[in-house]
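A.B. asks: Got coords23.pdb for you, PDB, C-alpha atoms:
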```
ATOM      1  CA  MET Y  82     -20.607  22.730 -20.016
ATOM      2  CA  ASP Y  83     -21.680  19.124 -20.515
ATOM      3  CA  VAL Y  84     -21.598  17.348 -17.139
ATOM      4  CA  GLN Y  85     -20.745  14.068 -18.827
ATOM      5  CA  GLU Y  86     -17.499  15.578 -20.105
ATOM      6  CA  THR Y  87     -16.338  16.726 -16.668
ATOM      7  CA  THR Y  88     -17.378  13.745 -14.536
ATOM      8  CA  PRO Y  89     -14.647  11.095 -14.300
ATOM      9  CA  ARG Y  90     -15.556   7.484 -14.963
ATOM     10  CA  ILE Y  91     -14.975   5.470 -11.781
ATOM     11  CA  SER Y  92     -13.775   1.860 -11.646
ATOM     12  CA  VAL Y  93     -13.401  -0.387  -8.615
ATOM     13  CA  ALA Y  94     -10.703  -3.085  -8.725
ATOM     14  CA  LEU Y  95     -11.892  -5.695  -6.228
ATOM     15  CA  CYS Y  96      -9.688  -8.704  -5.533
ATOM     16  CA  THR Y  97     -11.023 -11.810  -3.815
ATOM     17  CA  HIS Y  98      -9.770 -15.114  -2.483
ATOM     18  CA  ASN Y  99     -11.987 -17.319  -0.316
ATOM     19  CA  GLY Y 100     -13.836 -14.261   0.914
ATOM     20  CA  SER Y 101     -17.326 -15.668   1.342
ATOM     21  CA  ALA Y 102     -17.570 -14.544   4.979
ATOM     22  CA  TYR Y 103     -17.407 -10.819   4.168
ATOM     23  CA  ILE Y 104     -17.756 -10.217   0.418
ATOM     24  CA  GLU Y 105     -21.495  -9.505   0.481
ATOM     25  CA  GLU Y 106     -21.123  -6.731   3.054
ATOM     26  CA  GLN Y 107     -18.264  -5.160   1.121
ATOM     27  CA  LEU Y 108     -20.098  -5.292  -2.210
ATOM     28  CA  THR Y 109     -23.182  -3.758  -0.619
ATOM     29  CA  SER Y 110     -21.104  -0.867   0.744
ATOM     30  CA  ILE Y 111     -19.638  -0.250  -2.724
ATOM     31  CA  LEU Y 112     -23.048  -0.283  -4.381
ATOM     32  CA  SER Y 113     -24.417   2.115  -1.735
ATOM     33  CA  GLN Y 114     -21.929   4.920  -2.414
ATOM     34  CA  THR Y 115     -23.234   8.497  -2.706
ATOM     35  CA  VAL Y 116     -21.238   8.659  -5.944
ATOM     36  CA  PRO Y 117     -21.608   5.136  -7.382
ATOM     37  CA  PRO Y 118     -18.938   3.456  -9.497
ATOM     38  CA  ASP Y 119     -19.412   3.003 -13.223
ATOM     39  CA  GLU Y 120     -17.500  -0.275 -13.331
ATOM     40  CA  ILE Y 121     -16.451  -3.064 -10.992
ATOM     41  CA  VAL Y 122     -13.650  -5.404 -12.038
ATOM     42  CA  ILE Y 123     -13.480  -8.444  -9.757
ATOM     43  CA  SER Y 124     -10.408 -10.635  -9.979
ATOM     44  CA  ASP Y 125     -10.900 -13.851  -8.025
ATOM     45  CA  ASP Y 126      -7.705 -15.669  -7.087
ATOM     46  CA  ALA Y 127      -8.823 -19.295  -7.356
ATOM     47  CA  SER Y 128     -11.374 -19.268  -4.536
ATOM     48  CA  THR Y 129     -12.582 -22.665  -3.380
ATOM     49  CA  ASP Y 130     -15.501 -21.411  -1.278
ATOM     50  CA  ALA Y 131     -18.743 -19.663  -2.248
ATOM     51  CA  THR Y 132     -17.163 -16.275  -3.027
ATOM     52  CA  LEU Y 133     -18.053 -16.242  -6.728
ATOM     53  CA  GLN Y 134     -21.593 -17.471  -6.158
ATOM     54  CA  ILE Y 135     -22.200 -14.692  -3.615
ATOM     55  CA  ILE Y 136     -20.732 -12.080  -5.975
ATOM     56  CA  ARG Y 137     -23.023 -13.130  -8.812
ATOM     57  CA  ARG Y 138     -26.061 -13.193  -6.551
ATOM     58  CA  VAL Y 139     -25.407  -9.747  -5.065
ATOM     59  CA  LEU Y 140     -24.587  -8.086  -8.361
ATOM     60  CA  GLY Y 141     -27.459  -9.831 -10.071
ATOM     61  CA  THR Y 142     -30.027  -8.536  -7.593
ATOM     62  CA  ALA Y 143     -28.567  -5.272  -6.293
ATOM     63  CA  GLY Y 144     -26.362  -4.043  -9.115
ATOM     64  CA  PRO Y 145     -27.713  -1.004 -10.978
ATOM     65  CA  GLU Y 146     -28.343  -1.355 -14.686
ATOM     66  CA  PHE Y 147     -25.685   1.196 -15.601
ATOM     67  CA  LEU Y 148     -22.923  -0.692 -13.762
ATOM     68  CA  ASP Y 149     -20.381  -2.516 -15.934
ATOM     69  CA  VAL Y 150     -19.125  -5.703 -14.285
ATOM     70  CA  GLN Y 151     -16.175  -7.910 -15.196
ATOM     71  CA  VAL Y 152     -15.400 -11.076 -13.251
ATOM     72  CA  ILE Y 153     -12.010 -12.706 -13.801
ATOM     73  CA  GLU Y 154     -11.565 -16.241 -12.473
ATOM     74  CA  ASN Y 155      -7.960 -17.356 -11.948
ATOM     75  CA  GLU Y 156      -7.581 -21.114 -12.211
ATOM     76  CA  ARG Y 157      -4.384 -20.888 -10.156
ATOM     77  CA  PRO Y 158      -3.705 -18.224  -7.505
ATOM     78  CA  LEU Y 159      -1.508 -15.347  -8.629
ATOM     79  CA  GLY Y 160      -0.956 -13.833  -5.184
ATOM     80  CA  VAL Y 161      -2.176 -10.494  -3.884
ATOM     81  CA  SER Y 162      -0.040  -8.043  -5.886
ATOM     82  CA  ALA Y 163      -0.251  -9.881  -9.210
ATOM     83  CA  ASN Y 164      -3.996 -10.252  -8.771
ATOM     84  CA  PHE Y 165      -4.392  -6.508  -8.208
ATOM     85  CA  GLU Y 166      -2.172  -5.786 -11.205
ATOM     86  CA  GLN Y 167      -4.450  -7.926 -13.339
ATOM     87  CA  ALA Y 168      -7.527  -6.144 -12.009
ATOM     88  CA  VAL Y 169      -6.299  -2.572 -12.501
ATOM     89  CA  LEU Y 170      -5.124  -3.346 -16.029
ATOM     90  CA  ARG Y 171      -8.672  -4.397 -16.910
ATOM     91  CA  CYS Y 172     -10.234  -1.232 -15.463
ATOM     92  CA  THR Y 173     -11.388   1.371 -17.983
ATOM     93  CA  GLY Y 174     -12.238   4.222 -15.607
ATOM     94  CA  ASP Y 175     -10.407   7.521 -15.276
ATOM     95  CA  LEU Y 176     -10.203   6.857 -11.526
ATOM     96  CA  ILE Y 177      -9.535   3.395 -10.092
ATOM     97  CA  PHE Y 178     -10.279   2.477  -6.481
ATOM     98  CA  LEU Y 179      -8.630  -0.577  -4.954
ATOM     99  CA  SER Y 180     -10.853  -2.774  -2.825
ATOM    100  CA  ASP Y 181     -10.213  -5.688  -0.510
ATOM    101  CA  GLN Y 182     -12.923  -8.299  -0.050
ATOM    102  CA  ASP Y 183     -13.470  -7.926   3.688
ATOM    103  CA  ASP Y 184     -13.785  -4.213   4.469
ATOM    104  CA  VAL Y 185     -16.763  -1.857   4.543
ATOM    105  CA  TRP Y 186     -16.626   1.453   2.723
ATOM    106  CA  HIS Y 187     -18.206   4.529   4.266
ATOM    107  CA  ARG Y 188     -20.927   5.857   1.968
ATOM    108  CA  ASP Y 189     -19.003   8.967   0.906
ATOM    109  CA  LYS Y 190     -15.607   7.333   0.252
ATOM    110  CA  LEU Y 191     -15.773   7.555  -3.540
ATOM    111  CA  GLN Y 192     -17.261  11.041  -3.432
ATOM    112  CA  LYS Y 193     -14.601  12.551  -1.179
ATOM    113  CA  ILE Y 194     -11.646  11.063  -3.009
ATOM    114  CA  ALA Y 195     -13.108  11.858  -6.452
ATOM    115  CA  GLU Y 196     -13.699  15.468  -5.382
ATOM    116  CA  LEU Y 197     -10.045  15.797  -4.370
ATOM    117  CA  PHE Y 198      -8.922  14.412  -7.735
ATOM    118  CA  GLN Y 199     -11.171  16.888  -9.555
ATOM    119  CA  ALA Y 200      -9.862  19.786  -7.475
ATOM    120  CA  ARG Y 201      -6.236  18.671  -7.996
ATOM    121  CA  PRO Y 202      -5.551  17.608 -11.612
ATOM    122  CA  ASP Y 203      -1.893  17.050 -10.669
ATOM    123  CA  LEU Y 204      -2.678  14.163  -8.333
ATOM    124  CA  LEU Y 205      -2.121  10.552  -9.366
ATOM    125  CA  LEU Y 206      -2.918   8.807  -6.075
ATOM    126  CA  VAL Y 207      -4.920   9.586  -2.938
ATOM    127  CA  HIS Y 208      -5.174   7.457   0.176
ATOM    128  CA  SER Y 209      -6.991   7.957   3.441
ATOM    129  CA  ASP Y 210      -7.062   6.887   7.048
ATOM    130  CA  ALA Y 211      -9.283   3.988   8.138
ATOM    131  CA  ARG Y 212     -11.108   2.829  11.231
ATOM    132  CA  LEU Y 213      -9.909  -0.562  12.448
ATOM    133  CA  VAL Y 214     -12.653  -3.070  13.209
ATOM    134  CA  GLY Y 215     -12.734  -6.713  14.265
ATOM    135  CA  PRO Y 216     -14.228  -9.762  12.529
ATOM    136  CA  ALA Y 217     -17.820  -8.791  13.385
ATOM    137  CA  GLY Y 218     -17.266  -5.131  12.498
ATOM    138  CA  GLU Y 219     -16.734  -4.084  16.111
ATOM    139  CA  PRO Y 220     -14.504  -0.974  16.504
ATOM    140  CA  LEU Y 221     -11.059  -1.825  17.841
ATOM    141  CA  GLY Y 222     -10.530   1.658  19.273
ATOM    142  CA  SER Y 223      -7.787   2.722  16.884
ATOM    143  CA  THR Y 224      -7.207   3.969  13.377
ATOM    144  CA  LEU Y 225      -4.857   2.835  10.655
ATOM    145  CA  SER Y 226      -2.652   5.907  11.088
ATOM    146  CA  GLN Y 227      -2.376   5.272  14.831
ATOM    147  CA  THR Y 228      -1.416   1.652  14.279
ATOM    148  CA  LEU Y 229       1.215   2.709  11.739
ATOM    149  CA  GLU Y 230       2.417   5.284  14.293
ATOM    150  CA  MET Y 231       2.259   8.008  11.667
ATOM    151  CA  THR Y 232       4.138  11.036  12.975
ATOM    152  CA  GLU Y 233       3.034  14.652  12.687
ATOM    153  CA  ALA Y 234       5.944  15.271  10.319
ATOM    154  CA  GLU Y 235       4.786  12.430   8.079
ATOM    155  CA  ARG Y 236       1.177  13.589   8.181
ATOM    156  CA  HIS Y 237       2.248  17.148   7.297
ATOM    157  CA  GLY Y 238       4.363  15.856   4.414
ATOM    158  CA  LEU Y 239       1.475  13.846   2.977
ATOM    159  CA  LEU Y 240      -0.857  16.834   3.180
ATOM    160  CA  THR Y 241       1.580  19.363   1.701
ATOM    161  CA  GLY Y 242       3.097  17.408  -1.185
ATOM    162  CA  ASP Y 243       6.361  16.667   0.620
ATOM    163  CA  ALA Y 244       5.772  12.929   0.915
ATOM    164  CA  TYR Y 245       8.632  11.443  -1.130
ATOM    165  CA  ARG Y 246      11.250  11.549   1.614
ATOM    166  CA  HIS Y 247       8.862   9.862   4.027
ATOM    167  CA  TYR Y 248       8.010   7.096   1.560
ATOM    168  CA  LEU Y 249      11.711   6.439   0.985
ATOM    169  CA  ARG Y 250      11.835   5.466   4.650
ATOM    170  CA  ARG Y 251       8.636   3.418   4.829
ATOM    171  CA  ASN Y 252       5.262   2.836   3.265
ATOM    172  CA  LEU Y 253       2.290   4.791   4.636
ATOM    173  CA  ALA Y 254      -0.395   3.837   2.099
ATOM    174  CA  THR Y 255      -2.738   0.865   2.492
ATOM    175  CA  GLY Y 256      -4.319  -0.452  -0.686
ATOM    176  CA  ALA Y 257      -7.840  -0.668   0.702
ATOM    177  CA  THR Y 258      -7.863   3.132   1.087
ATOM    178  CA  ILE Y 259      -6.318   4.013  -2.293
ATOM    179  CA  GLY Y 260      -7.768   5.767  -5.320
ATOM    180  CA  LEU Y 261      -5.585   6.432  -8.372
ATOM    181  CA  ARG Y 262      -5.711   7.816 -11.861
ATOM    182  CA  ARG Y 263      -5.508   5.250 -14.638
ATOM    183  CA  SER Y 264      -2.524   7.169 -16.025
ATOM    184  CA  LEU Y 265      -0.496   6.024 -12.993
ATOM    185  CA  VAL Y 266      -0.959   2.389 -13.981
ATOM    186  CA  ALA Y 267       1.114   2.796 -17.150
ATOM    187  CA  ARG Y 268       3.999   4.178 -15.095
ATOM    188  CA  ALA Y 269       3.782   1.544 -12.375
ATOM    189  CA  VAL Y 270       3.348  -1.777 -14.196
ATOM    190  CA  PRO Y 271       4.717  -4.335 -14.006
ATOM    191  CA  PHE Y 272       4.645  -4.418 -10.201
ATOM    192  CA  PRO Y 273       8.052  -5.698  -8.996
ATOM    193  CA  ASP Y 274       8.143  -9.040  -7.207
ATOM    194  CA  ASP Y 275       9.624  -7.625  -3.988
ATOM    195  CA  TRP Y 276       7.082  -4.814  -3.684
ATOM    196  CA  VAL Y 277       3.468  -4.989  -2.535
ATOM    197  CA  HIS Y 278       1.142  -3.338  -5.057
ATOM    198  CA  ASP Y 279      -0.055  -0.495  -2.796
ATOM    199  CA  GLU Y 280       3.365   0.670  -1.621
ATOM    200  CA  TRP Y 281       4.741   0.502  -5.170
ATOM    201  CA  LEU Y 282       1.894   2.581  -6.599
ATOM    202  CA  ALA Y 283       2.322   5.147  -3.816
ATOM    203  CA  MET Y 284       6.090   5.273  -4.300
ATOM    204  CA  ILE Y 285       5.788   5.901  -8.038
ATOM    205  CA  ALA Y 286       3.119   8.580  -7.488
ATOM    206  CA  THR Y 287       5.091  10.429  -4.845
ATOM    207  CA  SER Y 288       8.253  10.394  -6.978
ATOM    208  CA  THR Y 289       6.582  13.181  -8.968
ATOM    209  CA  ASP Y 290       4.880  14.784  -5.939
ATOM    210  CA  ALA Y 291       1.522  13.505  -7.209
ATOM    211  CA  LEU Y 292       0.240  11.914  -3.981
ATOM    212  CA  SER Y 293      -2.098  13.280  -1.337
ATOM    213  CA  TYR Y 294      -3.814  12.075   1.802
ATOM    214  CA  ILE Y 295      -7.210  12.409   3.461
ATOM    215  CA  PRO Y 296      -6.750  12.164   7.260
ATOM    216  CA  GLU Y 297     -10.311  10.965   7.700
ATOM    217  CA  GLY Y 298     -11.240   7.307   8.011
ATOM    218  CA  LEU Y 299     -13.207   6.432   4.862
ATOM    219  CA  ILE Y 300     -13.426   2.683   5.380
ATOM    220  CA  ASP Y 301     -13.820   0.161   8.166
ATOM    221  CA  TYR Y 302     -10.619  -1.854   7.783
ATOM    222  CA  ARG Y 303     -11.460  -5.315   9.064
ATOM    223  CA  GLN Y 304      -8.832  -7.275  10.987
ATOM    224  CA  HIS Y 305      -9.313 -11.030  11.326
ATOM    225  CA  SER Y 306      -7.351 -14.272  11.353
ATOM    226  CA  SER Y 307      -7.575 -14.746   7.571
ATOM    227  CA  ASN Y 308      -6.253 -11.351   6.443
ATOM    228  CA  GLN Y 309      -3.877 -11.786   3.508
ATOM    229  CA  ILE Y 310      -2.355  -8.433   4.409
ATOM    230  CA  GLY Y 311      -3.329  -6.604   7.586
ATOM    231  CA  VAL Y 312      -1.817  -4.408  10.250
ATOM    232  CA  ARG Y 313      -0.502  -5.320  13.668
ATOM    233  CA  ARG Y 314      -0.532  -3.022  16.678
ATOM    234  CA  PRO Y 315       3.099  -2.106  17.489
ATOM    235  CA  THR Y 316       3.343  -3.288  21.091
ATOM    236  CA  LEU Y 317       6.538  -2.835  23.100
ATOM    237  CA  LYS Y 318       7.032  -6.608  23.071
ATOM    238  CA  ASN Y 319       6.900  -6.706  19.272
ATOM    239  CA  LYS Y 320       9.316  -3.784  18.972
ATOM    240  CA  VAL Y 321      11.847  -5.474  21.259
ATOM    241  CA  ARG Y 322      11.430  -8.763  19.406
ATOM    242  CA  ARG Y 323      12.115  -7.091  16.065
ATOM    243  CA  VAL Y 324      15.262  -5.426  17.383
ATOM    244  CA  LEU Y 325      16.632  -8.709  18.716
ATOM    245  CA  GLU Y 326      15.574 -11.082  15.940
ATOM    246  CA  PRO Y 327      18.502 -12.657  14.064
ATOM    247  CA  ARG Y 328      19.823 -11.175  10.850
ATOM    248  CA  GLY Y 329      18.669 -13.063   7.815
ATOM    249  CA  GLY Y 330      16.970 -12.558   4.483
ATOM    250  CA  ARG Y 331      15.278  -9.277   5.447
ATOM    251  CA  ASN Y 332      18.355  -7.171   4.726
ATOM    252  CA  ALA Y 333      18.849  -8.731   1.306
ATOM    253  CA  TYR Y 334      15.149  -8.186   0.607
ATOM    254  CA  LEU Y 335      15.352  -4.488   1.515
ATOM    255  CA  ALA Y 336      18.460  -4.062  -0.629
ATOM    256  CA  ARG Y 337      16.761  -5.661  -3.651
ATOM    257  CA  ARG Y 338      13.688  -3.471  -3.254
ATOM    258  CA  ALA Y 339      15.730  -0.290  -3.006
ATOM    259  CA  ALA Y 340      17.785  -1.213  -6.085
ATOM    260  CA  VAL Y 341      14.619  -1.889  -8.100
ATOM    261  CA  LEU Y 342      13.186   1.504  -7.122
ATOM    262  CA  ALA Y 343      16.396   3.354  -7.968
ATOM    263  CA  ASP Y 344      16.574   1.679 -11.387
ATOM    264  CA  ARG Y 345      12.916   2.428 -12.150
ATOM    265  CA  LEU Y 346      13.178   6.108 -11.224
ATOM    266  CA  ALA Y 347      16.465   6.451 -13.114
ATOM    267  CA  SER Y 348      14.600   5.301 -16.229
ATOM    268  CA  GLU Y 349      12.052   8.124 -15.765
ATOM    269  CA  THR Y 350      14.332  11.156 -15.774
ATOM    270  CA  ALA Y 351      11.897  12.971 -18.058
ATOM    271  CA  THR Y 352       9.372  13.066 -15.209
ATOM    272  CA  VAL Y 353      11.341  12.330 -12.015
ATOM    273  CA  SER Y 354      13.749  15.031 -10.834
ATOM    274  CA  ALA Y 355      17.463  14.341 -10.563
ATOM    275  CA  ASP Y 356      17.477  14.916  -6.798
ATOM    276  CA  LYS Y 357      14.777  12.289  -6.275
ATOM    277  CA  VAL Y 358      16.680   9.800  -8.431
ATOM    278  CA  GLU Y 359      19.816  10.453  -6.399
ATOM    279  CA  SER Y 360      17.879  10.022  -3.137
ATOM    280  CA  ALA Y 361      16.633   6.646  -4.368
ATOM    281  CA  ARG Y 362      20.189   5.648  -5.256
ATOM    282  CA  ALA Y 363      21.386   6.775  -1.815
ATOM    283  CA  LYS Y 364      18.643   4.657  -0.235
ATOM    284  CA  ALA Y 365      19.821   1.665  -2.303
ATOM    285  CA  ARG Y 366      23.434   2.221  -1.191
ATOM    286  CA  PHE Y 367      22.308   2.416   2.433
ATOM    287  CA  GLU Y 368      20.329  -0.836   2.306
ATOM    288  CA  LEU Y 369      23.238  -2.586   0.574
ATOM    289  CA  PHE Y 370      25.514  -1.290   3.357
ATOM    290  CA  ARG Y 371      23.178  -2.802   5.955
ATOM    291  CA  GLN Y 372      23.037  -6.103   4.108
ATOM    292  CA  ARG Y 373      26.860  -6.296   4.049
ATOM    293  CA  LEU Y 374      27.421  -5.525   7.733
ATOM    294  CA  PRO Y 375      29.721  -8.087   9.402
ATOM    295  CA  GLY Y 376      28.232 -11.038  11.209
ATOM    296  CA  ILE Y 377      30.318 -10.246  14.299
ATOM    297  CA  ARG Y 378      28.542  -7.594  16.366
ATOM    298  CA  LEU Y 379      31.711  -5.822  17.517
ATOM    299  CA  LEU Y 380      32.798  -5.241  13.914
ATOM    300  CA  ARG Y 381      29.488  -3.558  13.122
ATOM    301  CA  PHE Y 382      29.849  -0.839  15.747
ATOM    302  CA  ALA Y 383      32.090   1.632  13.883
ATOM    303  CA  PRO Y 384      30.305   1.517  10.477
ATOM    304  CA  VAL Y 385      26.827   1.687  12.053
ATOM    305  CA  VAL Y 386      27.763   4.645  14.269
ATOM    306  CA  ARG Y 387      29.345   6.372  11.260
ATOM    307  CA  ALA Y 388      26.192   5.911   9.188
ATOM    308  CA  TRP Y 389      24.072   7.123  12.120
ATOM    309  CA  SER Y 390      26.230  10.262  12.516
ATOM    310  CA  GLN Y 391      25.720  10.962   8.804
ATOM    311  CA  GLN Y 392      21.939  10.791   9.420
ATOM    312  CA  GLN Y 393      21.502   7.867   7.030
ATOM    313  CA  TYR Y 394      19.282   6.019   9.478
ATOM    314  CA  SER Y 395      16.984   8.998   9.976
ATOM    315  CA  LEU Y 396      16.788   9.512   6.209
ATOM    316  CA  PHE Y 397      16.373   5.942   4.996
ATOM    317  CA  ALA Y 398      15.647   3.407   7.767
ATOM    318  CA  SER Y 399      11.981   2.637   8.343
ATOM    319  CA  GLN Y 400      12.403   2.599  12.130
ATOM    320  CA  GLY Y 401      15.119   5.251  12.491
ATOM    321  CA  ASN Y 402      17.109   4.805  15.699
ATOM    322  CA  ARG Y 403      15.403   1.484  16.396
ATOM    323  CA  ASP Y 404      17.115   0.176  13.267
ATOM    324  CA  VAL Y 405      20.461   1.401  14.647
ATOM    325  CA  LEU Y 406      19.890  -0.861  17.654
ATOM    326  CA  ARG Y 407      18.735  -3.664  15.389
ATOM    327  CA  ASP Y 408      21.895  -3.508  13.288
ATOM    328  CA  LEU Y 409      24.079  -3.385  16.407
ATOM    329  CA  LEU Y 410      22.365  -6.131  18.402
ATOM    330  CA  GLN Y 411      21.011  -8.693  15.964
ATOM    331  CA  SER Y 412      22.704 -12.074  15.912
ATOM    332  CA  SER Y 413      24.020 -13.232  12.573
ATOM    333  CA  ARG Y 414      22.171 -16.558  12.510
ATOM    334  CA  PRO Y 415      19.013 -18.081  13.934
ATOM    335  CA  PRO Y 416      19.151 -19.217  17.574
ATOM    336  CA  GLY Y 417      20.404 -22.797  17.936
ATOM    337  CA  GLU Y 418      22.018 -22.856  14.493
ATOM    338  CA  LYS Y 419      25.715 -23.724  14.560
TER     339      LYS Y 419
END
```
In structure tokens, write the structure found in this file.
C.D. replies:
Amino acid sequence: MDVQETTPRISVALCTHNGSAYIEEQLTSILSQTVPPDEIVISDDASTDATLQIIRRVLGTAGPEFLDVQVIENERPLGVSANFEQAVLRCTGDLIFLSDQDDVWHRDKLQKIAELFQARPDLLLVHSDARLVGPAGEPLGSTLSQTLEMTEAERHGLLTGDAYRHYLRRNLATGATIGLRRSLVARAVPFPDDWVHDEWLAMIATSTDALSYIPEGLIDYRQHSSNQIGVRRPTLKNKVRRVLEPRGGRNAYLARRAAVLADRLASETATVSADKVESARAKARFELFRQRLPGIRLLRFAPVVRAWSQQQYSLFASQGNRDVLRDLLQSSRPPGEK
């Protein structure tokens, strides 16, 4: 059999914005892969530093001759999700790997994810764990999954194809670790305004049980003061603060997101099962219920306890019982506001 016919073409969608401090190291790690990419599409979101000059220098001196390169220069910033949407739409590969500007890929990242795609033709998206590092690349002593507090039940669901119910509760995929089939892009675009690109892609993939997970860290995920999107270690202080913060736009935001998802899946009944569509609708009803809770704490008690007894919080709330406390205890307006 002709090897060329069985080897998928690999694209990297790399988005940048004022990334001159780290872009050279990231590009070098991409070019040093054991299975190299065939194409890199770089979408620069109106950088005002030396990002583009560094990109051209690195690719001009280190880029292999067979590598196809596209560089898109946005005159005005689109924002993270819209910039990634632009990049993935320009990719021509069978497999597309999302890349941030400030991480470092382990040398076998592309190889391991591509091998899983080849072994599992049903998969549309694969993501992995990551090692967290600081600005200078120093290990922070934790992994992405630890920082997200991924449970054993969630990990098991991701590994066994039972991920949809977990993703209805909360996102577990980080874009910097994601590889996807180009066929997923057609289902997922346009990315909705209230969804980040990575969680939306993962949600659409898992709605047809087409998502899997590699529990090995395949990148160094750099955390620094200029991260556009990063992760924060869930300290006890932060958890308490989130429970006690005043009610505001977050509940309306969650309700909008859930409604958008339910509508999108309802339009895909040829591929998405009826039970998954109904679960998405139930999630939307739950978030609308939370948005409409009374401002007076005492009046929230009975409906919140009723929803908790019906297991709606365990099924649909990202923080489970912590969100029960949040809905019971949050004030209805910011402190000091009359």
A.B. asks: Using only C-alpha atoms, give me every residue within 12 Å of (29.8, -6.2, 19.9) in file coordinates, as JSON, numbers by chain.
C.D. replies: {"Y": [375, 376, 377, 378, 379, 380, 381, 382, 383, 385, 406, 408, 409, 410, 411, 412, 413]}
A.B. asks: Taking only C-alpha atoms into account, name the residue in Y:His278, Y:Arg331, Y:Arg345, Y:Arg138 that is nearest to Y:Val169.
C.D. replies: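 Under the stated criterion, the closest residue is Y:His278.
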A.B. asks: What does the PyMOL selection byres ((chain Y and resi 387-398) around 9) select in this file, as a PyMOL selection string?
C.D. replies: chain Y and resi 246-247+249-251+363-364+367-368+382-386+399-405
A.B. asks: Which protein, DNA or RNA residues have an atom at most 10 Å from (15.7, 9.8, -6.9), counting only C-alpha atoms? List them as a count of residues only.
C.D. replies: 25
A.B. asks: Select, from Y:Pro158, Y:Gly215, Y:Pro118, Y:Gly238, the residue with the minimum atom-to-atom distance to Y:Ala94, counting only C-alpha atoms.
C.D. replies: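 Smallest distance to Y:Ala94 is found for Y:Pro118.
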A.B. asks: Rounded to one decimal in Å, what is the spacing between atom CA of Y:Arg171 and atom CA of Y:Thr115?
C.D. replies: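 Distance between the two atoms: 24.1 Å.
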A.B. asks: I'd like the contact shell of Y:Ile104 - 8 Å cut-off, all atoms listed in the file, skipping same-chain residues fewer than 5 positions apart - returned as a PyMOL selection string.
C.D. replies: chain Y and resi 132+135-136+182-183
A.B. asks: Using all atoms listed in the file, which protein or nucleic acid residues come within 10 Å of Y:Pro216? Drop anything in the same chain fewer than 5 positions from it, and give the result as a PyMOL selection string.
C.D. replies: chain Y and resi 102-103+183-184+302-307
A.B. asks: So how many Å separate atom CA of Y:Ala163 and atom CA of Y:Ile300, to one decimal?
C.D. replies: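 Pair atom CA of Y:Ala163 / atom CA of Y:Ile300 returns 23.3 Å.
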A.B. asks: Please indicate the distance in Å from atom CA of Y:Glu326 to atom CA of Y:Ser162, rounded to one decimal place.
C.D. replies: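 We find that atom CA of Y:Glu326 and atom CA of Y:Ser162 lie 27.0 Å from each other.
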A.B. asks: Leaving out Y:Val266 and any residue of its chain fewer than 2 positions from it, which residues lie within 8 Å of it when counting all atoms listed in the file, given as a list in words?
C.D. replies: Val169, Leu170, Arg262, Arg263, Ser264, Arg268, Ala269, Val270 and Leu282 of chain Y
A.B. asks: Which is closest to Y:Arg157 among Y:Asp181, Y:Asp290, Y:Glu106, Y:Asp126, if we use only C-alpha atoms?
C.D. replies: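 That would be Y:Asp126, the residue with the smallest distance to Y:Arg157.
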A.B. asks: Rank nothing, just name the residue among Y:Leu299, Y:Ala291, Y:Leu374, Y:Leu204 nearest to Y:Arg328, using all atoms listed in the file.
C.D. replies: Y:Leu374
A.B. asks: Counting only C-alpha atoms, figure out which residue out of Y:Thr142, Y:Thr88, Y:Ser128, Y:Asn155 gets nearest to Y:Asp175.
C.D. replies: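 For Y:Asp175, the nearest of the given residues is Y:Thr88.
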A.B. asks: From the list Y:Arg366, Y:Ser293, Y:Leu335, Y:Phe178, which residue is nearest Y:Phe165 when using all atoms listed in the file?
C.D. replies: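 Under the stated criterion, the closest residue is Y:Phe178.
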A.B. asks: Can you turn the PyMOL selection byres ((chain Y and resi 187-203) around 10) into a concrete residue list for this file, as JSON, numbers by chain?
C.D. replies: {"Y": [87, 88, 89, 90, 91, 93, 110, 111, 112, 113, 114, 115, 116, 117, 118, 176, 177, 178, 184, 185, 186, 204, 205, 206, 207, 208, 209, 211, 258, 259, 260, 261, 262, 289, 290, 291, 292, 293, 294, 295, 297, 298, 299, 300, 301]}
A.B. asks: Suppose a student applies the PyMOL selection byres ((chain Y and resi 281) around 10) to this structure; what residues should they get, written as a count of residues only?
C.D. replies: 22
A.B. asks: Enclose the full set of atoms of stretch 256-268 of chain Y listed in the file within a box whose edges lie along x, y and z, apply 8 Å of padding to each of the six sides, and report centre and edge lengths in Å to one decimal as AutoDock Vina command-line options.
C.D. replies:
```
--center_x -1.9 --center_y 3.6 --center_z -8.0 --size_x 27.9 --size_y 24.5 --size_z 34.2
```
A.B. asks: Which residues of stretch 241-301 of chain Y come within 9 Å of stretch 222-228 of chain Y, and for each one, what is the closest pair of atoms and their distance in Å to one decimal, counting all atoms listed in the file, sorted by chain and residue number, as CSV?
C.D. replies:
```
residue,atom,partner,partner_atom,distance
Y:Leu253,CA,Y:Ser226,CA,8.2
Y:Thr255,CA,Y:Leu225,CA,8.7
Y:Pro296,CA,Y:Ser226,CA,8.4
Y:Gly298,CA,Y:Thr224,CA,7.5
```
